[in-house]
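Undergrad: Next comes the structure file input35.cif, holding mmCIF, C-alpha atoms and all ligand atoms.
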data_upload
#
loop_
_atom_site.label_atom_id
_atom_site.label_comp_id
_atom_site.auth_asym_id
_atom_site.auth_seq_id
_atom_site.Cartn_x
_atom_site.Cartn_y
_atom_site.Cartn_z
CA MET O 250 0.00 0.00 0.00
CA SER O 251 1.42 3.35 -0.94
CA VAL O 252 0.11 6.85 -0.39
CA ASP O 253 1.09 9.71 -2.70
CA SER O 254 3.79 11.61 -0.90
CA SER O 255 3.29 14.74 -2.96
CA PRO O 256 0.25 16.93 -2.38
CA ALA O 257 0.86 18.26 -5.89
CA LEU O 258 -0.33 14.87 -7.14
CA MET O 259 -3.76 15.46 -5.65
CA ASP O 260 -6.17 17.97 -7.10
CA SER O 261 -7.63 20.36 -4.60
CA GLN O 262 -11.06 18.74 -4.64
CA GLN O 263 -9.47 15.43 -3.81
CA GLN O 264 -7.57 16.99 -0.91
CA SER O 265 -10.64 18.77 0.40
CA ARG O 266 -12.94 15.79 0.30
CA LEU O 267 -13.90 14.59 3.74
CA ARG O 268 -13.55 10.85 3.98
CA HIS O 269 -15.02 8.49 6.54
CA ASP O 270 -13.80 5.24 5.08
CA TRP O 271 -10.10 5.16 5.88
CA SER O 272 -8.59 1.70 6.08
CA ARG O 273 -5.90 0.93 8.62
CA LEU O 274 -3.46 0.19 5.84
CA GLU O 275 -3.96 3.62 4.32
CA ILE O 276 -3.48 5.29 7.68
CA LYS O 277 -0.38 3.23 8.40
CA ALA O 278 0.98 4.24 4.99
CA LEU O 279 0.60 7.89 6.02
CA PHE O 280 2.45 7.26 9.29
CA ASP O 281 5.21 5.51 7.31
CA LEU O 282 5.82 8.38 4.89
CA PRO O 283 9.21 10.06 5.09
CA PHE O 284 8.85 12.64 7.85
CA MET O 285 9.35 15.65 5.54
CA ASP O 286 6.75 14.38 3.08
CA LEU O 287 4.25 13.71 5.85
CA VAL O 288 4.65 17.12 7.48
CA PHE O 289 4.59 18.90 4.12
CA ARG O 290 1.42 17.11 3.16
CA ALA O 291 -0.22 17.82 6.53
CA GLN O 292 0.74 21.50 6.32
CA SER O 293 -0.62 21.69 2.76
CA VAL O 294 -3.96 20.23 3.86
CA HIS O 295 -3.94 22.56 6.84
CA ARG O 296 -3.49 25.64 4.65
CA GLU O 297 -6.47 24.69 2.53
CA HIS O 298 -8.77 25.02 5.50
CA PHE O 299 -7.14 27.23 8.09
CA ASP O 300 -4.98 30.26 8.54
CA PRO O 301 -1.68 28.54 9.46
CA ASN O 302 -0.70 31.40 11.76
CA GLN O 303 -3.75 31.24 14.00
CA VAL O 304 -4.18 28.99 17.00
CA GLN O 305 -7.38 28.53 18.95
CA MET O 306 -6.86 28.86 22.71
CA SER O 307 -8.98 27.13 25.32
CA THR O 308 -8.67 27.39 29.07
CA LEU O 309 -9.50 24.42 31.28
CA LEU O 310 -10.92 24.30 34.77
CA SER O 311 -11.52 21.23 36.88
CA ILE O 312 -14.95 21.89 38.38
CA LYS O 313 -14.98 18.64 40.36
CA THR O 314 -11.69 17.02 41.22
CA GLY O 315 -10.63 13.49 42.15
CA ALA O 316 -12.31 10.43 43.69
CA CYS O 317 -13.52 9.25 40.30
CA PRO O 318 -15.00 5.73 40.29
CA GLU O 319 -13.42 4.90 36.91
CA ASP O 320 -10.03 3.17 36.77
CA CYS O 321 -8.38 4.91 33.78
CA LYS O 322 -4.72 3.95 34.26
CA TYR O 323 -3.44 7.33 33.03
CA CYS O 324 -5.55 9.49 35.29
CA PRO O 325 -4.47 11.23 38.48
CA GLN O 326 -8.13 11.68 39.41
CA SER O 327 -9.10 8.02 39.57
CA GLY O 328 -10.13 6.94 43.07
CA HIS O 329 -8.41 3.60 42.38
CA TYR O 330 -4.91 5.06 42.71
CA ASN O 331 -3.17 7.13 45.31
CA THR O 332 -1.72 10.17 43.60
CA GLY O 333 -1.90 12.49 46.60
CA LEU O 334 -4.34 14.72 44.73
CA GLU O 335 -6.54 16.99 46.82
CA LYS O 336 -10.16 16.12 46.12
CA GLU O 337 -12.72 18.88 45.58
CA LYS O 338 -16.50 18.84 45.41
CA LEU O 339 -18.35 20.52 42.54
CA LEU O 340 -17.24 24.16 42.60
CA ALA O 341 -19.62 27.01 43.38
CA LEU O 342 -20.92 28.97 40.40
CA GLU O 343 -19.21 32.25 41.38
CA LYS O 344 -15.80 30.58 41.64
CA ILE O 345 -16.21 29.13 38.14
CA LEU O 346 -17.35 32.47 36.70
CA GLU O 347 -14.36 34.21 38.25
CA GLN O 348 -12.00 31.77 36.47
CA ALA O 349 -13.93 32.08 33.21
CA ARG O 350 -13.67 35.90 33.30
CA LEU O 351 -9.94 35.60 33.95
CA ALA O 352 -9.56 33.22 31.02
CA ARG O 353 -11.48 35.64 28.80
CA THR O 354 -9.26 38.54 29.89
CA ASN O 355 -6.18 36.45 29.11
CA GLY O 356 -7.38 35.83 25.56
CA ALA O 357 -8.98 32.36 25.66
CA SER O 358 -11.97 32.03 23.36
CA ARG O 359 -13.30 28.82 24.92
CA PHE O 360 -13.77 27.83 28.54
CA CYS O 361 -13.61 24.07 29.11
CA MET O 362 -14.83 22.53 32.32
CA GLY O 363 -14.01 19.00 33.44
CA ALA O 364 -15.50 16.84 36.16
CA ALA O 365 -14.08 13.59 37.53
CA TRP O 366 -17.33 11.69 37.14
CA LYS O 367 -18.37 8.45 35.50
CA ASN O 368 -21.49 10.42 34.61
CA PRO O 369 -23.27 13.45 36.05
CA SER O 370 -25.71 12.69 38.88
CA ALA O 371 -29.32 13.90 38.90
CA LYS O 372 -28.50 15.94 42.02
CA ASP O 373 -25.63 17.88 40.41
CA PHE O 374 -27.11 18.26 36.95
CA PRO O 375 -29.25 21.40 37.48
CA HIS O 376 -26.17 23.18 38.83
CA VAL O 377 -24.19 22.07 35.78
CA LEU O 378 -26.85 23.53 33.48
CA GLU O 379 -26.75 26.82 35.34
CA ILE O 380 -22.94 26.91 34.96
CA VAL O 381 -23.32 26.49 31.19
CA ARG O 382 -25.87 29.32 30.95
CA GLN O 383 -23.80 31.73 32.99
CA VAL O 384 -20.44 31.02 31.33
CA ARG O 385 -22.06 31.34 27.94
CA ALA O 386 -23.45 34.71 29.00
CA LEU O 387 -19.86 35.94 29.40
CA GLY O 388 -19.52 35.67 25.63
CA MET O 389 -17.19 32.68 25.60
CA GLU O 390 -17.60 29.34 23.92
CA THR O 391 -18.32 26.61 26.42
CA CYS O 392 -17.09 23.05 26.60
CA MET O 393 -17.68 20.40 29.23
CA THR O 394 -16.38 16.93 29.91
CA LEU O 395 -18.46 15.16 32.51
CA GLY O 396 -18.25 11.49 31.56
CA ALA O 397 -21.07 9.48 30.00
CA LEU O 398 -24.37 11.20 29.18
CA ASP O 399 -27.83 9.81 28.57
CA GLN O 400 -29.86 11.38 25.78
CA ASP O 401 -31.90 13.61 28.12
CA GLN O 402 -28.76 15.01 29.74
CA SER O 403 -27.15 15.61 26.39
CA ASP O 404 -30.26 17.39 25.08
CA ALA O 405 -30.47 19.52 28.23
CA LEU O 406 -26.83 20.60 27.93
CA ALA O 407 -27.38 21.57 24.30
CA GLU O 408 -30.52 23.45 25.26
CA ALA O 409 -28.60 25.33 27.98
CA GLY O 410 -26.18 26.51 25.29
CA LEU O 411 -23.20 24.18 25.68
CA ASP O 412 -21.16 24.52 22.47
CA TYR O 413 -18.83 21.51 22.75
CA TYR O 414 -18.83 18.24 24.63
CA ASN O 415 -15.46 16.57 25.17
CA HIS O 416 -15.41 12.80 25.38
CA ASN O 417 -12.19 11.10 24.33
CA LEU O 418 -11.86 7.67 22.80
CA ASP O 419 -8.40 7.64 24.35
CA THR O 420 -6.91 4.71 22.40
CA SER O 421 -7.68 1.95 19.93
CA PRO O 422 -10.59 -0.42 20.59
CA GLU O 423 -8.03 -3.26 20.96
CA PHE O 424 -5.92 -1.53 23.61
CA TYR O 425 -8.85 0.01 25.47
CA ASN O 426 -9.30 -2.79 28.02
CA SER O 427 -5.63 -2.64 28.99
CA ILE O 428 -6.17 0.96 30.07
CA ILE O 429 -9.72 1.10 31.44
CA THR O 430 -11.86 -1.75 32.74
CA THR O 431 -14.80 0.15 34.23
CA ARG O 432 -16.37 1.07 30.88
CA THR O 433 -16.14 -0.03 27.27
CA PHE O 434 -15.05 1.61 24.06
CA GLN O 435 -18.62 1.20 22.84
CA ASP O 436 -19.90 3.18 25.88
CA ARG O 437 -17.77 6.11 24.67
CA LEU O 438 -19.09 5.84 21.11
CA ASP O 439 -22.66 5.75 22.43
CA THR O 440 -22.22 8.99 24.38
CA LEU O 441 -20.62 10.66 21.36
CA GLU O 442 -23.58 9.66 19.23
CA ARG O 443 -25.98 11.19 21.76
CA VAL O 444 -23.96 14.40 21.80
CA ARG O 445 -24.16 14.59 18.00
CA ARG O 446 -27.88 13.90 18.06
CA SER O 447 -28.34 16.82 20.46
CA GLY O 448 -26.63 19.14 17.98
CA MET O 449 -23.57 19.99 20.07
CA LYS O 450 -20.10 20.15 18.56
CA VAL O 451 -17.94 17.16 19.38
CA CYS O 452 -14.49 17.28 20.93
CA ALA O 453 -13.00 13.79 20.83
CA GLY O 454 -9.43 12.61 20.69
CA GLY O 455 -7.07 10.43 22.62
CA ILE O 456 -3.84 9.92 24.49
CA VAL O 457 -0.59 8.59 23.10
CA GLY O 458 2.51 7.51 24.98
CA MET O 459 0.63 5.01 27.15
CA GLY O 460 2.68 2.04 25.92
CA GLU O 461 0.33 1.44 23.01
CA SER O 462 1.66 0.09 19.73
CA ALA O 463 1.96 2.02 16.48
CA ALA O 464 -1.03 -0.01 15.28
CA ASP O 465 -3.05 1.30 18.24
CA ARG O 466 -2.33 4.88 17.21
CA VAL O 467 -3.53 3.98 13.72
CA GLY O 468 -6.64 2.36 15.23
CA LEU O 469 -7.45 5.41 17.38
CA LEU O 470 -7.20 7.81 14.44
CA GLN O 471 -9.22 5.46 12.24
CA GLN O 472 -12.04 5.44 14.79
CA LEU O 473 -12.06 9.24 14.97
CA ALA O 474 -11.81 9.81 11.23
CA ASN O 475 -14.44 7.25 10.29
CA MET O 476 -17.15 8.68 12.53
CA PRO O 477 -20.18 9.80 10.50
CA SER O 478 -19.00 13.40 11.07
CA HIS O 479 -15.48 14.26 12.11
CA PRO O 480 -15.24 15.73 15.62
CA GLU O 481 -14.91 19.51 15.27
CA SER O 482 -12.13 19.37 17.82
CA VAL O 483 -9.57 16.56 18.11
CA PRO O 484 -7.32 16.74 21.18
CA ILE O 485 -4.13 14.71 20.86
CA ASN O 486 -2.79 14.29 24.38
CA MET O 487 0.71 13.14 25.19
CA LEU O 488 0.45 11.16 28.41
CA VAL O 489 1.33 13.23 31.46
CA LYS O 490 2.93 10.62 33.70
CA VAL O 491 1.61 11.15 37.19
CA LYS O 492 3.19 9.46 40.19
CA GLY O 493 0.87 6.92 41.74
CA THR O 494 -0.89 6.03 38.48
CA PRO O 495 -0.16 2.63 36.91
CA LEU O 496 1.41 4.38 33.90
CA GLU O 497 3.85 6.52 35.87
CA ASN O 498 6.90 4.64 34.53
CA VAL O 499 5.77 3.82 31.03
CA GLU O 500 8.39 4.35 28.33
CA ASP O 501 8.39 7.75 26.59
CA LEU O 502 6.91 7.97 23.13
CA GLU O 503 9.51 8.90 20.53
CA PRO O 504 8.84 12.64 19.96
CA PHE O 505 8.71 12.43 16.14
CA GLU O 506 6.08 9.73 16.50
CA PHE O 507 3.96 12.27 18.37
CA VAL O 508 4.43 14.82 15.57
CA ARG O 509 3.49 12.14 13.06
CA THR O 510 0.30 11.43 15.01
CA ILE O 511 -0.65 15.12 14.78
CA ALA O 512 0.16 15.20 11.07
CA VAL O 513 -1.90 12.12 10.29
CA ALA O 514 -4.83 13.47 12.34
CA ARG O 515 -4.63 16.69 10.30
CA ILE O 516 -4.68 14.79 6.99
CA LEU O 517 -7.54 12.49 8.01
CA MET O 518 -9.68 15.27 9.49
CA PRO O 519 -8.77 18.31 7.39
CA GLN O 520 -11.46 20.64 8.70
CA SER O 521 -11.18 19.80 12.40
CA TYR O 522 -9.25 21.75 14.96
CA VAL O 523 -6.42 19.44 16.01
CA ARG O 524 -5.35 20.27 19.54
CA LEU O 525 -1.83 19.93 20.81
CA SER O 526 -3.33 18.99 24.14
CA ALA O 527 -1.77 17.54 27.33
CA GLY O 528 1.97 17.11 27.51
CA ARG O 529 3.12 20.53 26.28
CA GLN O 530 4.91 21.18 29.54
CA SER O 531 7.45 18.51 28.71
CA MET O 532 7.93 19.71 25.11
CA ASN O 533 10.47 22.30 24.13
CA GLU O 534 9.63 25.21 21.81
CA GLN O 535 11.00 23.45 18.75
CA MET O 536 8.85 20.38 19.37
CA GLN O 537 5.73 22.51 19.77
CA ALA O 538 6.60 24.43 16.59
CA LEU O 539 6.87 21.12 14.72
CA CYS O 540 3.43 20.16 16.00
CA PHE O 541 2.00 23.45 14.67
CA LEU O 542 3.77 22.82 11.38
CA ALA O 543 2.18 19.37 11.27
CA GLY O 544 -1.25 20.99 11.54
CA ALA O 545 -2.04 21.43 15.22
CA ASN O 546 -4.05 24.63 15.60
CA SER O 547 -5.44 24.60 19.10
CA ILE O 548 -3.92 24.49 22.59
CA PHE O 549 -4.88 24.63 26.24
CA TYR O 550 -3.62 27.87 27.67
CA GLY O 551 -3.61 28.98 31.29
CA GLU O 552 -2.19 27.90 34.60
CA LYS O 553 -3.24 24.27 34.55
CA LEU O 554 -4.80 21.53 32.49
CA LEU O 555 -7.17 19.87 34.98
CA THR O 556 -4.77 18.95 37.77
CA THR O 557 -1.32 19.19 36.15
CA PRO O 558 0.53 22.37 35.14
CA LEU O 559 0.71 23.96 31.70
CA PRO O 560 3.68 25.97 30.45
CA GLU O 561 3.71 29.49 31.94
CA GLU O 562 1.37 31.77 30.01
CA SER O 563 4.29 34.13 29.42
CA ALA O 564 6.27 31.27 27.81
CA ASP O 565 3.35 30.52 25.48
CA LEU O 566 3.07 34.18 24.51
CA ALA O 567 6.82 34.37 23.91
CA LEU O 568 6.66 31.30 21.66
CA PHE O 569 3.70 32.75 19.74
CA ALA O 570 5.68 35.97 19.22
CA LYS O 571 8.75 34.07 18.00
CA LEU O 572 6.65 32.06 15.54
CA GLY O 573 4.35 34.92 14.51
CA LEU O 574 1.34 32.94 15.72
CA LYS O 575 -1.86 34.72 16.77
CA ALA O 576 -4.62 33.59 19.12
CA GLU O 577 -7.77 32.99 17.12
CA THR O 578 -10.57 35.33 18.08
CA LEU O 579 -14.07 34.05 18.61
CA ASP O 580 -15.35 35.96 15.58
CA ALA O 581 -12.73 34.48 13.27
CA GLY O 582 -13.29 31.00 14.67
CA ASN O 583 -17.05 31.18 14.42
CA SER O 584 -17.14 32.45 10.87
CA LYS O 585 -14.69 29.67 9.97
CA GLN O 586 -16.92 27.11 11.68
CA GLU O 587 -20.01 28.50 9.97
CA SER O 588 -18.44 28.28 6.55
CA LEU O 589 -17.22 24.76 7.32
CA HIS O 590 -20.73 23.88 8.39
CA ALA O 591 -22.09 25.24 5.12
CA GLU O 592 -19.43 23.27 3.21
CA ARG O 593 -20.42 20.11 5.03
CA GLU O 594 -24.09 20.68 4.26
CA LEU O 595 -23.20 21.16 0.62
CA GLU O 596 -21.06 18.09 0.65
CA ASN O 597 -23.90 16.03 2.08
CA ARG O 598 -26.25 17.19 -0.64
CA GLU O 599 -23.93 17.33 -3.60
CA PRO O 600 -22.84 13.90 -4.82
CA LEU O 601 -20.21 15.46 -7.09
CA PHE O 602 -18.16 16.28 -4.03
CA TYR O 603 -17.86 12.75 -2.85
CA SER O 604 -17.37 9.54 -4.68
CA ALA O 605 -16.75 6.60 -2.41
CA ASP O 606 -16.37 4.37 -5.48
CA GLN O 607 -13.52 6.40 -6.81
CA TYR O 608 -11.81 6.14 -3.45
CA THR O 609 -12.39 2.47 -2.86
CA SER O 610 -11.02 1.62 -6.28
CA ARG O 611 -7.99 3.93 -5.96
CA HIS O 612 -7.07 3.06 -2.40
CA ALA O 613 -8.65 -0.37 -2.18
CA ALA O 614 -7.10 -2.44 0.59
CA PRO O 615 -5.84 -5.86 -0.49
CA SER O 616 -8.31 -8.59 0.35
CA GLY O 617 -7.91 -9.92 3.86
CA ALA O 618 -6.52 -6.58 5.06
CA VAL O 619 -7.58 -5.28 8.42
CA ASN O 620 -10.03 -2.49 7.85
N1 LIG T 1 -14.21 12.08 33.59
C1 LIG T 1 -14.45 12.55 32.29
C2 LIG T 1 -14.03 11.57 31.24
O1 LIG T 1 -13.09 10.82 31.45
O2 LIG T 1 -14.64 11.58 30.19
C3 LIG T 1 -13.84 13.89 32.01
C4 LIG T 1 -12.50 14.26 32.59
S1 LIG T 1 -11.11 13.36 31.98
C5 LIG T 1 -9.81 13.87 33.05
C6 LIG T 1 -10.77 14.10 30.43
C7 LIG T 1 -9.68 13.52 29.56
O3 LIG T 1 -8.41 13.90 30.06
C8 LIG T 1 -9.57 12.01 29.48
O4 LIG T 1 -10.47 11.48 28.57
C9 LIG T 1 -8.14 11.81 29.01
O5 LIG T 1 -8.13 11.72 27.61
C10 LIG T 1 -7.43 13.06 29.47
N2 LIG T 1 -6.42 12.75 30.48
C11 LIG T 1 -6.63 12.42 31.76
N3 LIG T 1 -5.47 12.20 32.39
C12 LIG T 1 -4.48 12.40 31.48
C13 LIG T 1 -3.06 12.31 31.54
N4 LIG T 1 -2.42 11.96 32.65
N5 LIG T 1 -2.37 12.60 30.43
C14 LIG T 1 -3.01 12.96 29.30
N6 LIG T 1 -4.34 13.06 29.19
C15 LIG T 1 -5.07 12.77 30.27
C1 LIG T 2 -8.38 16.59 26.79
O1 LIG T 2 -8.36 15.89 25.76
N1 LIG T 2 -7.35 16.78 27.58
C2 LIG T 2 -7.73 17.63 28.70
C3 LIG T 2 -9.21 17.95 28.40
N2 LIG T 2 -9.46 17.24 27.20
C4 LIG T 2 -10.22 17.69 29.42
C5 LIG T 2 -7.40 17.05 29.99
C6 LIG T 2 -5.95 16.65 30.16
C7 LIG T 2 -5.72 16.21 31.55
C8 LIG T 2 -4.28 15.99 31.86
C9 LIG T 2 -4.08 15.56 33.26
C10 LIG T 2 -4.55 16.54 34.29
O2 LIG T 2 -4.20 17.74 34.23
O3 LIG T 2 -5.26 16.12 35.22
FE1 LIG T 3 -12.43 9.61 35.89
FE2 LIG T 3 -12.22 10.88 33.57
FE3 LIG T 3 -10.05 10.41 35.09
FE4 LIG T 3 -11.20 8.37 33.88
S1 LIG T 3 -10.24 10.14 32.88
S2 LIG T 3 -10.55 8.42 36.02
S3 LIG T 3 -13.34 8.98 33.97
S4 LIG T 3 -11.76 11.70 35.60
#
Would you mind writing the structure in this file as structure tokens?
TA:
Amino acid sequence: MSVDSSPALMDSQQQSRLRHDWSRLEIKALFDLPFMDLVFRAQSVHREHFDPNQVQMSTLLSIKTGACPEDCKYCPQSGHYNTGLEKEKLLALEKILEQARLARTNGASRFCMGAAWKNPSAKDFPHVLEIVRQVRALGMETCMTLGALDQDQSDALAEAGLDYYNHNLDTSPEFYNSIITTRTFQDRLDTLERVRRSGMKVCAGGIVGMGESAADRVGLLQQLANMPSHPESVPINMLVKVKGTPLENVEDLEPFEFVRTIAVARILMPQSYVRLSAGRQSMNEQMQALCFLAGANSIFYGEKLLTTPLPEESADLALFAKLGLKAETLDAGNSKQESLHAERELENREPLFYSADQYTSRHAAPSGAVN
């Protein structure tokens, strides 16, 4: 299986076409491209859809910390491991608003709130809805990650004005059970489907550097790219190794393999924001710049991710200045998203834009190939 290494060999319609039928062999062939060809191709795709000098900035806040009943081996907040983390109950509305205002002042366009829950309880849910309404009223985009949702909860969040729901697939279906035993990969897909049905934008990605194989990284990206609609936001997290978690001593992922993962995500999901997510604190400026070159165009910015530190804000601003990068404003981001939405609608209606036949014949996997 080979994949054209030159974007010049693809016409622009071919490059723009959104595909949902990627085979694992095709994705592996992208990963296996010479590094320069892969990054060049990813950057070319990126430039078709985005301003390469703009990066979307989100700020995260943990609104309920620790004592989570799930056993995710990477997570400092799981109640199954002793990481010395200070637990916190669901934060009061005013405290959350204070942090959201600060994030807005510092230039973040989206405020993301995370809770260490398996799923939100009926008792907490009205408070959660009120948080969404009030943060939204500050003029920021809102995102939440609260664990599994039933359809009513998902609909209520959408109704309250939640823009994005984050729910990561984390890794390949095959590796999933080695990392989490308290839920299934299918549970995650089910919640994502409910979120889509409610009309919210989807933020879904994964974590690399957990000791998974290269094939698992292919499998994760295949799952994301072959969803009926690509997630609007795709966070690629590098594992933050936290003492006390079962993955604290796992071997480091080779840094270029991380950049390749970003590049392949960009090529598979050309119109999605690909987020250089957790792990930036352990990356130098050059590594982060390579990730932007490979098509990452979103970061978490602020003091902390959920419980672990981010690079100093001043360091991020200094890097942006050195690279000539600008924080995307909400207006620019929204008009981009609206035009993408219109493009997607057109694509759905206009058969000329998509020919699965052409693709299956051109990139057909050999019989017996894993798909
Ligand atoms: N409990 C909810 C859930 O798991 O869906 C929401 C919060 S959870 C902390 C959000 C995401 O953070 C996880 O899906 C995982 O991808 C990411 N994450 C957690 N711990 C991490 C770590 N140590 N390194 C990198 N990413 C991590
Ligand atoms: C995502 O994909 N990564 C963020 C956010 N979505 C919720 C969380 C990263 C957490 C890293 C470990 C911590 O700070 O607790
Ligand atoms: Fe809980 Fe989410 Fe952490 Fe898993 S990742 S232990 S569900 S907070």
Undergrad: What is the distance, in Å and to one decimal place, between atom CA of Ala464 of chain O and atom CA of Ser482 of chain O?
TA: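 These two atoms are separated by 22.5 Å.
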Undergrad: Around ligand LIG 3 (chain T), at most 10 Å away and counting all atoms listed in the file, which residues are there? Put them as a CSV table (one decimal) with C-alpha atoms, in the coordinates of the input, please.
TA:
chain,number,residue,atom,x,y,z
O,311,SER,CA,-11.5,21.2,36.9
O,313,LYS,CA,-15.0,18.6,40.4
O,314,THR,CA,-11.7,17.0,41.2
O,315,GLY,CA,-10.6,13.5,42.2
O,316,ALA,CA,-12.3,10.4,43.7
O,317,CYS,CA,-13.5,9.2,40.3
O,318,PRO,CA,-15.0,5.7,40.3
O,319,GLU,CA,-13.4,4.9,36.9
O,320,ASP,CA,-10.0,3.2,36.8
O,321,CYS,CA,-8.4,4.9,33.8
O,322,LYS,CA,-4.7,4.0,34.3
O,323,TYR,CA,-3.4,7.3,33.0
O,324,CYS,CA,-5.6,9.5,35.3
O,325,PRO,CA,-4.5,11.2,38.5
O,326,GLN,CA,-8.1,11.7,39.4
O,327,SER,CA,-9.1,8.0,39.6
O,328,GLY,CA,-10.1,6.9,43.1
O,329,HIS,CA,-8.4,3.6,42.4
O,330,TYR,CA,-4.9,5.1,42.7
O,363,GLY,CA,-14.0,19.0,33.4
O,364,ALA,CA,-15.5,16.8,36.2
O,365,ALA,CA,-14.1,13.6,37.5
O,366,TRP,CA,-17.3,11.7,37.1
O,367,LYS,CA,-18.4,8.4,35.5
O,368,ASN,CA,-21.5,10.4,34.6
O,394,THR,CA,-16.4,16.9,29.9
O,395,LEU,CA,-18.5,15.2,32.5
O,396,GLY,CA,-18.2,11.5,31.6
O,397,ALA,CA,-21.1,9.5,30.0
O,416,HIS,CA,-15.4,12.8,25.4
O,417,ASN,CA,-12.2,11.1,24.3
O,419,ASP,CA,-8.4,7.6,24.4
O,428,ILE,CA,-6.2,1.0,30.1
O,429,ILE,CA,-9.7,1.1,31.4
O,431,THR,CA,-14.8,0.2,34.2
O,432,ARG,CA,-16.4,1.1,30.9
O,555,LEU,CA,-7.2,19.9,35.0
Undergrad: Quick one: pull the distance between atom CA of Gly493 of chain O and atom CA of Gln537 of chain O, Å, one decimal.
TA: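 If I compute the distance from atom CA of Gly493 of chain O to atom CA of Gln537 of chain O, I get 27.4 Å.
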Undergrad: Need the shell around Pro560 of chain O: protein/DNA/RNA residues with any atom at most 9 Å away, counting all atoms listed in the file. Skip same-chain ones fewer than 6 positions apart. Format as a PyMOL selection string?
TA: chain O and resi 529-531+550-553
Undergrad: Considering all atoms listed in the file, state which residue in the set O:Ser403, O:Asn475, O:Ser307, O:Gln383 is at the smallest distance from ligand LIG 2 (chain T).
TA: O:Ser307
Undergrad: Excluding same-chain residues fewer than 6 positions from Asp565 of chain O, what lies within 12 Å of it counting all atoms listed in the file, as a list in words?
TA: Val304, Met306, Asn355, Gly356, Arg529, Gln530, Met532, Asn533, Glu534, Gln537, Ala538, Ile548, Phe549, Tyr550, Gly551, Glu552, Leu559, Lys571, Leu572, Gly573, Leu574, Lys575 and Ala576 of chain O
Undergrad: For the atom pair atom C13 of ligand LIG 1 (chain T) and atom CA of Ala527 of chain O, what is the interatomic distance in Å to one decimal place?
TA: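 Going from atom C13 of ligand LIG 1 (chain T) over to atom CA of Ala527 of chain O covers 6.8 Å.
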Undergrad: Near Ile312 of chain O, within 12 Å and counting only C-alpha atoms, which residues show up once chain neighbours fewer than 3 positions away are dropped, as a ChimeraX atom specification?
TA: /O:309,315,336-346,348-349,360-366,373,376-377,380-381,393-395,554-556
Undergrad: Can you tell me which residues surround Ile516 of chain O at a distance of at most 10 Å, considering all atoms listed in the file, apart from same-chain residues fewer than 5 positions away, and format the answer as a VMD selection string?
TA: chain O and resid 264 to 265 267 276 279 287 to 288 290 to 295 474 511 521 543 to 544
Undergrad: Between O:Arg524, O:Asp399, O:Leu378, O:Ala463, single out the one closest to ligand LIG 2 (chain T), counting all atoms listed in the file.
TA: O:Arg524
Undergrad: Please report, as AutoDock Vina command-line options, the centre and edge lengths in Å to one decimal of an axis-aligned box covering all listed atoms of segment 423-432 of chain O with 5 Å per side.
TA:
--center_x -11.0 --center_y -1.1 --center_z 27.6 --size_x 20.7 --size_y 14.4 --size_z 23.3
Undergrad: For ligand LIG 1 (chain T), which of O:Pro369, O:Pro519, O:Gly455, O:Gly468 is the closest residue, counting all atoms listed in the file?
TA: O:Gly455
Undergrad: Please determine, counting all atoms listed in the file, which residue among O:Val508, O:Leu310, O:Leu398, O:Leu469 has the shortest atom-to-atom distance to Leu539 of chain O.
TA: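 Using all atoms listed in the file, Leu539 of chain O sits closest to O:Val508.
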Undergrad: Restricting the calculation to only C-alpha atoms and all ligand atoms: of O:His298, O:Arg273, O:Arg466, O:Lys492, which residue gets closest to ligand LIG 2 (chain T)?
TA: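 Going through O:His298, O:Arg273, O:Arg466, O:Lys492 one by one, the smallest distance to ligand LIG 2 (chain T) is for O:Lys492.
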Undergrad: With only C-alpha atoms and all ligand atoms as the basis for distance, which of O:Glu481, O:Glu408, O:Glu503, O:Glu497 is at the shortest distance from ligand LIG 1 (chain T)?
TA: O:Glu497
